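Visitor: Shown below is the structure under consideration.
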Amino acid sequence: MKVMEIEGQRELSGTIRISGSKNATVALIPAAILTDEEATICNIPEITDTNALCDILQALKVDVKRASESIIINPKQMENIEITEDLSKKLRASYYFMGALLGKFKKAVMYFPGGCSIGARPIDLHLKGFEALGAKIKEENNKYTVEAEELKGANIYLDIASVGATINIMLAAVRAKGTTIIDNAAKEPEIVNVATFLNNMGAKITGAGTSTIKIQGVDSLHKCFHEVIPDRIEAGTYITIGALCGNPLKIDNVIPEHIDALLSKLEEIGVDIEVGADYVSVKKQEKYKPTIIKTAVYPGFPTDLQQPFTILLTQSCGKSKVIETIWENRFMHIPYLRELGANISVNNQTATIVGPTKLKGTEVVATDLRAGAAMVAAGLFAEGKTTITNIEHILRGYEQIVEKLTSVGAKITIKEI
Ligand code: EPZ
């Protein structure tokens, strides 16, 4: 078993460079099978979620070449084989193969996806979208067969502005006959990145990044080169760590507009930040003000940053609140924060944090990816040693986290025990 050990209370200074976005990459890789030619994607993060998607590509007999931060995907010889339960369950984003295979072959067979246990995570909106395009869906023991004689453009209204459903419907619709309109679409930057990729391959998508996306179906897609956007959640995590330990900590390769909601909250509580064209520099302060965070779809405060941000709120003077509106089960880090010394109570979807409190290192668990990131932030700030177990969750989403933090002065290691 791998554990992460952190000796806390060290000042962090220097520069951390942000990698390519996990949540864009995990959609771009399945999207690449929609062409019959070669797609080259650069700035791919070296994380276990990327590896899991490459395993699926290989099972589908897609030719995959990886070189440092790039991936070359050639689906010329691919076969539309059922994606096994093992592979489907390795990560949430395996579900993007449903849309991509349906778009390309008019048929996809795979199992309910895996991923962090942060809520029920249904896929009903994805399936309703496929049905609207003309697909029939059969579900038996968690195995989904989605099939259409022909995919036809449709008007689809999403009851919830779901990131996954927006992307999946786009993937299925790019090669459908006619025009598809997705209303109440999610607006996250990762969706824009995927739409740009598809357009680079010859798709006709407009409106990505707004709540109405229009997709005019095309017969085929061609070869292309594409770059993954920087990971706004990785950036936000390190910026938050900078507010706890930075002296100063510069976070480089950032698109600041993608993290506006985080930056304004940091300013509101009194964090010393400098925002440049593609970087954010942060210096820790002795005292922070309390605040209220309410997670929301983009451009609101991201649910994926609520957990790391809570560590900062343990250092605010007074009562703060975190209201989680996206996932039912995203407070699993709270019991461990209490063990570290935080004063936090949870009532339904609201956590109340009273600070400032000292944090003292102990043994904690990374219950999911961002809860794991929160444990890392807490361990870096706490007195003494923090040992984190279940770190495979963290490694799913943070490229070279140990190397990046060590390079700015943290004492952090991964040990096999
Ligand atoms: C994406 O998940 C991200 N994952 C999540 O990041 C992120 O938390 C989430 O968007 C919200 O920003 C990836 O991009 C791989 P949703 P996704 O569909 O697409 C409900 C991380 O830590 N819903 O926008 O699965 C759903 O239950 C991860 O990097 C339905 O009811 O999220 C949730 O309450 C965790 N039916 C809400 O919508 C559906 O068919 C938003 O989910 C789909 C979603």
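Naming works like this for the structure tokens: A, B, ... for the chains as they're shown, residue 1 at the start of each chain, ligands 1 onward in shown order.
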Please, which residues in range 228-330 of chain A fall within 12 Å of range 400-410 of chain A when counting only C-alpha atoms, and what is the closest atom pair and distance in Å to one decimal for each, ordered by chain then residue number, as CSV?

Guide:
```
residue,atom,partner,partner_atom,distance
A:Glu234,CA,A:Ile401,CA,9.7
A:Ala235,CA,A:Ile401,CA,11.9
A:Thr237,CA,A:Ile401,CA,11.0
A:Tyr238,CA,A:Leu405,CA,9.0
A:Ile241,CA,A:Leu405,CA,9.9
A:Gly242,CA,A:Val408,CA,10.4
A:Cys245,CA,A:Ala410,CA,9.5
A:Gly246,CA,A:Val408,CA,9.2
A:Asn247,CA,A:Val408,CA,9.9
A:Pro248,CA,A:Val408,CA,9.9
A:Leu249,CA,A:Val408,CA,7.8
A:Lys250,CA,A:Val408,CA,9.5
A:Ile251,CA,A:Lys404,CA,10.7
A:Asp252,CA,A:Lys404,CA,11.8
```

Visitor: How would you report the residues lying within 6 Å of ligand 1, as a PyMOL selection string, if you count only C-alpha atoms and all ligand atoms?

Guide: chain A and resi 23+92-93+120-126+160+162-165+303-304+326-327+369-370

Visitor: Write down as a ChimeraX atom specification the residues belonging to range 105-234 of chain A that are assigned alpha helix (DSSP H) by DSSP computed on the backbone.

Guide: /A:105,124-132,163-173,189-200,232-234

Visitor: Quick one: residues within 10 Å of Ala24 in chain A, only C-alpha atoms, excluding same-chain residues fewer than 6 positions away - as a ChimeraX atom specification?

Guide: /A:44,167,188-194,228-231

Visitor: Mind writing the picked residues with all heavy atoms as a short mmCIF file (atom, residue, chain, number, x, y, z; two decimals), in the first residue's frame?

Guide:
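The file below, again.cif, is the result:
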```cif
data_model
loop_
_atom_site.label_atom_id
_atom_site.label_comp_id
_atom_site.auth_asym_id
_atom_site.auth_seq_id
_atom_site.Cartn_x
_atom_site.Cartn_y
_atom_site.Cartn_z
N ILE A 44 -0.80 16.72 -22.28
CA ILE A 44 -1.57 15.67 -21.59
C ILE A 44 -0.94 15.43 -20.22
O ILE A 44 0.27 15.22 -20.14
CB ILE A 44 -1.50 14.36 -22.41
CG1 ILE A 44 -2.23 14.51 -23.74
CG2 ILE A 44 -1.95 13.15 -21.62
CD1 ILE A 44 -3.68 14.19 -23.72
N ILE A 167 -20.92 17.18 -22.79
CA ILE A 167 -19.84 16.68 -23.65
C ILE A 167 -20.27 15.40 -24.37
O ILE A 167 -20.06 15.25 -25.57
CB ILE A 167 -18.55 16.45 -22.82
CG1 ILE A 167 -18.02 17.78 -22.30
CG2 ILE A 167 -17.49 15.72 -23.66
CD1 ILE A 167 -16.76 17.70 -21.45
N GLU A 188 -18.47 25.00 -18.66
CA GLU A 188 -17.10 24.86 -18.15
C GLU A 188 -16.06 24.98 -19.27
O GLU A 188 -16.30 24.55 -20.41
CB GLU A 188 -16.96 23.48 -17.47
CG GLU A 188 -17.33 23.41 -16.01
CD GLU A 188 -18.81 23.61 -15.69
OE1 GLU A 188 -19.61 23.81 -16.63
OE2 GLU A 188 -19.18 23.58 -14.50
N PRO A 189 -14.88 25.54 -18.96
CA PRO A 189 -13.82 25.69 -19.96
C PRO A 189 -13.43 24.36 -20.63
O PRO A 189 -13.01 24.34 -21.78
CB PRO A 189 -12.63 26.23 -19.15
CG PRO A 189 -13.24 26.88 -17.95
CD PRO A 189 -14.49 26.12 -17.65
N GLU A 190 -13.58 23.25 -19.91
CA GLU A 190 -13.23 21.95 -20.48
C GLU A 190 -14.14 21.63 -21.67
O GLU A 190 -13.72 20.98 -22.63
CB GLU A 190 -13.36 20.84 -19.41
CG GLU A 190 -12.35 20.95 -18.27
CD GLU A 190 -12.67 22.05 -17.25
OE1 GLU A 190 -13.84 22.46 -17.16
OE2 GLU A 190 -11.74 22.50 -16.56
N ILE A 191 -15.39 22.10 -21.60
CA ILE A 191 -16.34 21.86 -22.70
C ILE A 191 -15.90 22.65 -23.93
O ILE A 191 -15.93 22.14 -25.06
CB ILE A 191 -17.77 22.27 -22.25
CG1 ILE A 191 -18.22 21.32 -21.12
CG2 ILE A 191 -18.75 22.23 -23.42
CD1 ILE A 191 -19.43 21.77 -20.37
N VAL A 192 -15.45 23.87 -23.69
CA VAL A 192 -14.96 24.69 -24.81
C VAL A 192 -13.73 24.03 -25.43
O VAL A 192 -13.59 23.97 -26.66
CB VAL A 192 -14.61 26.12 -24.30
CG1 VAL A 192 -14.11 26.99 -25.45
CG2 VAL A 192 -15.83 26.75 -23.62
N ASN A 193 -12.85 23.49 -24.58
CA ASN A 193 -11.64 22.82 -25.09
C ASN A 193 -12.00 21.62 -25.95
O ASN A 193 -11.40 21.39 -27.01
CB ASN A 193 -10.77 22.42 -23.89
CG ASN A 193 -9.31 22.19 -24.26
OD1 ASN A 193 -8.68 21.27 -23.77
ND2 ASN A 193 -8.73 23.00 -25.11
N VAL A 194 -13.00 20.85 -25.53
CA VAL A 194 -13.41 19.68 -26.31
C VAL A 194 -14.07 20.11 -27.64
O VAL A 194 -13.78 19.56 -28.70
CB VAL A 194 -14.37 18.77 -25.50
CG1 VAL A 194 -14.89 17.62 -26.35
CG2 VAL A 194 -13.67 18.22 -24.26
N VAL A 228 -4.22 20.70 -24.73
CA VAL A 228 -5.11 20.69 -23.56
C VAL A 228 -4.91 22.00 -22.78
O VAL A 228 -3.78 22.44 -22.60
CB VAL A 228 -4.77 19.50 -22.64
CG1 VAL A 228 -5.74 19.43 -21.46
CG2 VAL A 228 -4.77 18.18 -23.40
N ILE A 229 -6.00 22.58 -22.30
CA ILE A 229 -5.89 23.80 -21.49
C ILE A 229 -5.28 23.47 -20.12
O ILE A 229 -5.36 22.32 -19.67
CB ILE A 229 -7.28 24.48 -21.26
CG1 ILE A 229 -8.32 23.44 -20.77
CG2 ILE A 229 -7.73 25.22 -22.49
CD1 ILE A 229 -9.61 24.04 -20.27
N PRO A 230 -4.70 24.48 -19.44
CA PRO A 230 -4.17 24.23 -18.10
C PRO A 230 -5.29 23.82 -17.13
O PRO A 230 -6.44 24.24 -17.28
CB PRO A 230 -3.58 25.58 -17.68
CG PRO A 230 -3.45 26.36 -18.93
CD PRO A 230 -4.47 25.87 -19.89
N ASP A 231 -4.94 23.03 -16.16
CA ASP A 231 -5.92 22.49 -15.21
C ASP A 231 -6.28 23.55 -14.16
O ASP A 231 -5.49 23.89 -13.29
CB ASP A 231 -5.33 21.25 -14.53
CG ASP A 231 -6.39 20.45 -13.81
OD1 ASP A 231 -7.18 21.06 -13.06
OD2 ASP A 231 -6.45 19.22 -14.00
#
```

Visitor: Out of range 175-316 of chain A, which residues get strand (DSSP E) from DSSP, as an NGL selection string?

Guide: :A and (179-183 or 204-206 or 212-216 or 224-227 or 246-252 or 272-275 or 279-283 or 292-294)

Visitor: Restricting the calculation to only C-alpha atoms: of A:Leu337, A:Ala148, A:Cys54, A:Leu127, which residue gets closest to Ala377 in chain A?

Guide: A:Leu337

Visitor: Which polymer residues have any atom within 7 Å of an atom of range 220-224 of chain A, counting only C-alpha atoms, with same-chain residues fewer than 6 positions away left out, as a PyMOL selection string?

Guide: chain A and resi 34-40+175+200-203

Visitor: Output the selection as an mmCIF file, in the first residue's frame - all heavy atoms for each residue.

Guide:
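Saved as result-v9.cif:
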```cif
data_model
loop_
_atom_site.group_PDB
_atom_site.id
_atom_site.type_symbol
_atom_site.label_atom_id
_atom_site.label_comp_id
_atom_site.auth_asym_id
_atom_site.auth_seq_id
_atom_site.Cartn_x
_atom_site.Cartn_y
_atom_site.Cartn_z
ATOM 1 N N LEU A 34 -13.362 9.732 -32.864
ATOM 2 C CA LEU A 34 -14.398 10.127 -33.822
ATOM 3 C C LEU A 34 -13.854 10.356 -35.231
ATOM 4 O O LEU A 34 -14.594 10.341 -36.202
ATOM 5 C CB LEU A 34 -15.123 11.377 -33.318
ATOM 6 C CG LEU A 34 -16.205 11.067 -32.279
ATOM 7 C CD1 LEU A 34 -16.544 12.288 -31.451
ATOM 8 C CD2 LEU A 34 -17.457 10.523 -32.964
ATOM 9 N N THR A 35 -12.551 10.587 -35.352
ATOM 10 C CA THR A 35 -11.961 10.684 -36.689
ATOM 11 C C THR A 35 -11.468 9.291 -37.096
ATOM 12 O O THR A 35 -11.343 8.406 -36.250
ATOM 13 C CB THR A 35 -10.794 11.703 -36.702
ATOM 14 O OG1 THR A 35 -10.088 11.568 -37.920
ATOM 15 C CG2 THR A 35 -9.818 11.498 -35.567
ATOM 16 N N ASP A 36 -11.170 9.098 -38.370
ATOM 17 C CA ASP A 36 -10.532 7.836 -38.786
ATOM 18 C C ASP A 36 -9.058 8.087 -39.019
ATOM 19 O O ASP A 36 -8.331 7.215 -39.451
ATOM 20 C CB ASP A 36 -11.191 7.291 -40.062
ATOM 21 C CG ASP A 36 -12.621 6.892 -39.782
ATOM 22 O OD1 ASP A 36 -12.887 6.378 -38.677
ATOM 23 O OD2 ASP A 36 -13.488 7.137 -40.646
ATOM 24 N N GLU A 37 -8.641 9.334 -38.765
ATOM 25 C CA GLU A 37 -7.237 9.677 -38.984
ATOM 26 C C GLU A 37 -6.554 9.865 -37.633
ATOM 27 O O GLU A 37 -7.124 9.562 -36.592
ATOM 28 C CB GLU A 37 -7.157 10.933 -39.856
ATOM 29 C CG GLU A 37 -7.841 10.713 -41.206
ATOM 30 C CD GLU A 37 -7.806 11.934 -42.098
ATOM 31 O OE1 GLU A 37 -7.164 12.943 -41.738
ATOM 32 O OE2 GLU A 37 -8.451 11.881 -43.165
ATOM 33 N N GLU A 38 -5.349 10.434 -37.688
ATOM 34 C CA GLU A 38 -4.554 10.539 -36.472
ATOM 35 C C GLU A 38 -4.842 11.861 -35.740
ATOM 36 O O GLU A 38 -4.891 12.911 -36.371
ATOM 37 C CB GLU A 38 -3.103 10.530 -36.934
ATOM 38 C CG GLU A 38 -2.108 10.215 -35.892
ATOM 39 C CD GLU A 38 -0.731 10.111 -36.548
ATOM 40 O OE1 GLU A 38 -0.117 11.169 -36.763
ATOM 41 O OE2 GLU A 38 -0.300 8.991 -36.827
ATOM 42 N N ALA A 39 -5.000 11.790 -34.443
ATOM 43 C CA ALA A 39 -5.136 13.029 -33.664
ATOM 44 C C ALA A 39 -3.951 13.120 -32.704
ATOM 45 O O ALA A 39 -3.633 12.148 -32.018
ATOM 46 C CB ALA A 39 -6.437 13.011 -32.879
ATOM 47 N N THR A 40 -3.320 14.283 -32.682
ATOM 48 C CA THR A 40 -2.205 14.498 -31.750
ATOM 49 C C THR A 40 -2.670 15.496 -30.714
ATOM 50 O O THR A 40 -3.140 16.582 -31.052
ATOM 51 C CB THR A 40 -0.974 15.054 -32.502
ATOM 52 O OG1 THR A 40 -0.665 14.150 -33.556
ATOM 53 C CG2 THR A 40 0.224 15.207 -31.577
ATOM 54 N N ARG A 175 -21.456 13.636 -35.581
ATOM 55 C CA ARG A 175 -21.574 12.939 -36.870
ATOM 56 C C ARG A 175 -23.025 12.517 -37.146
ATOM 57 O O ARG A 175 -23.273 11.680 -38.011
ATOM 58 C CB ARG A 175 -20.607 11.743 -36.903
ATOM 59 C CG ARG A 175 -19.158 12.225 -37.001
ATOM 60 C CD ARG A 175 -18.142 11.104 -36.985
ATOM 61 N NE ARG A 175 -18.246 10.202 -38.123
ATOM 62 C CZ ARG A 175 -17.336 9.253 -38.418
ATOM 63 N NH1 ARG A 175 -16.255 9.125 -37.668
ATOM 64 N NH2 ARG A 175 -17.502 8.466 -39.445
ATOM 65 N N ASN A 200 -11.516 21.504 -34.695
ATOM 66 C CA ASN A 200 -10.224 21.343 -35.391
ATOM 67 C C ASN A 200 -10.235 20.104 -36.273
ATOM 68 O O ASN A 200 -9.495 20.011 -37.241
ATOM 69 C CB ASN A 200 -9.066 21.180 -34.386
ATOM 70 C CG ASN A 200 -8.724 22.477 -33.692
ATOM 71 O OD1 ASN A 200 -9.143 23.543 -34.130
ATOM 72 N ND2 ASN A 200 -7.972 22.399 -32.600
ATOM 73 N N MET A 201 -11.069 19.125 -35.916
ATOM 74 C CA MET A 201 -11.158 17.896 -36.716
ATOM 75 C C MET A 201 -12.224 18.023 -37.817
ATOM 76 O O MET A 201 -12.495 17.057 -38.525
ATOM 77 C CB MET A 201 -11.511 16.691 -35.828
ATOM 78 C CG MET A 201 -10.422 16.330 -34.834
ATOM 79 S SD MET A 201 -10.582 14.630 -34.195
ATOM 80 C CE MET A 201 -11.999 14.735 -33.148
ATOM 81 N N GLY A 202 -12.892 19.178 -37.870
ATOM 82 C CA GLY A 202 -13.876 19.385 -38.939
ATOM 83 C C GLY A 202 -15.325 19.411 -38.486
ATOM 84 O O GLY A 202 -16.234 19.510 -39.309
ATOM 85 N N ALA A 203 -15.541 19.330 -37.167
ATOM 86 C CA ALA A 203 -16.931 19.405 -36.675
ATOM 87 C C ALA A 203 -17.430 20.846 -36.799
ATOM 88 O O ALA A 203 -16.636 21.779 -36.999
ATOM 89 C CB ALA A 203 -16.989 18.955 -35.224
#
```

Visitor: Considering only C-alpha atoms, return as a PyMOL selection string whatever protein or nucleic-acid residues lie within 7 Å of His226 in chain A, sequence-local ones (same chain, fewer than 4 positions apart) excluded.

Guide: chain A and resi 40-42+197

Visitor: Closest to Gly397 in chain A among A:Ile205, A:Asp368, A:Glu5, A:Glu11, using only C-alpha atoms?

Guide: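 Smallest distance to Gly397 in chain A is found for A:Asp368.
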
Visitor: My list of candidates is A:Leu101, A:Met170, A:Ala108, A:Ala261. Which is closest to Leu133 in chain A when distances are computed with only C-alpha atoms?

Guide: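 When distances to Leu133 in chain A are compared using only C-alpha atoms, the smallest one comes from A:Met170.
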
Visitor: Name all residues at most 12 Å from Asn51 in chain A (count only C-alpha atoms; drop same-chain ones fewer than 6 positions away) and give them as a CSV table (one decimal) with C-alpha atoms, in the first residue's frame.

Guide:
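Saved result, around39.csv, follows:
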```csv
chain,number,residue,atom,x,y,z
A,22,LYS,CA,-7.5,16.3,-16.2
A,25,THR,CA,-8.1,15.3,-21.2
A,26,VAL,CA,-10.4,12.6,-20.1
A,29,ILE,CA,-9.0,11.1,-25.5
A,44,ILE,CA,-1.6,15.7,-21.6
A,45,PRO,CA,-1.1,15.2,-17.8
A,57,LEU,CA,-8.2,2.7,-26.4
A,58,GLN,CA,-5.9,-0.3,-26.6
A,64,VAL,CA,-1.8,4.9,-29.1
A,65,LYS,CA,1.6,6.5,-28.9
A,66,ARG,CA,2.7,8.5,-25.9
A,71,ILE,CA,-0.4,11.5,-27.2
A,87,LEU,CA,-12.2,-1.0,-17.7
A,90,LYS,CA,-11.6,2.4,-13.6
A,91,LEU,CA,-12.8,6.0,-13.9
A,94,SER,CA,-15.0,6.1,-19.4
A,395,LEU,CA,-2.6,10.3,-8.2
A,396,ARG,CA,-5.7,10.0,-10.4
A,397,GLY,CA,-5.7,13.8,-10.8
```

Visitor: To one decimal place in Å, what is the distance between CA of Ile353 in chain A and CA of Ile311 in chain A?

Guide: 9.4 Å

Visitor: Counting only C-alpha atoms, which of A:Thr210, A:Thr386, A:Gln349, A:Thr314 gets nearest to Ala366 in chain A?

Guide: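 Of A:Thr210, A:Thr386, A:Gln349, A:Thr314, the one nearest Ala366 in chain A is A:Thr386, counting only C-alpha atoms.
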
Visitor: So what do you get for CA of Lys89 in chain A versus CA of Glu139 in chain A, distance-wise?

Guide: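 According to the coordinates, CA of Lys89 in chain A and CA of Glu139 in chain A are separated by 15.8 Å.
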
Visitor: Counting only C-alpha atoms, which of A:Glu257, A:Glu140, A:Glu150, A:Asp49 gets nearest to Glu392 in chain A?

Guide: A:Asp49

Visitor: Do you know which residues are at most 8 Å from range 269-275 of chain A counting only C-alpha atoms, after dropping those on the same chain fewer than 6 positions away, and could you put them as number ranges by chain?

Guide: A: 243, 256, 281-285, 287-291, 316

Visitor: Of the candidates A:Lys415, A:Phe225, A:Ile182, A:Asp159, which one gets nearest to Ile73 in chain A if we count only C-alpha atoms?

Guide: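 Smallest separation from Ile73 in chain A among the options: A:Phe225.
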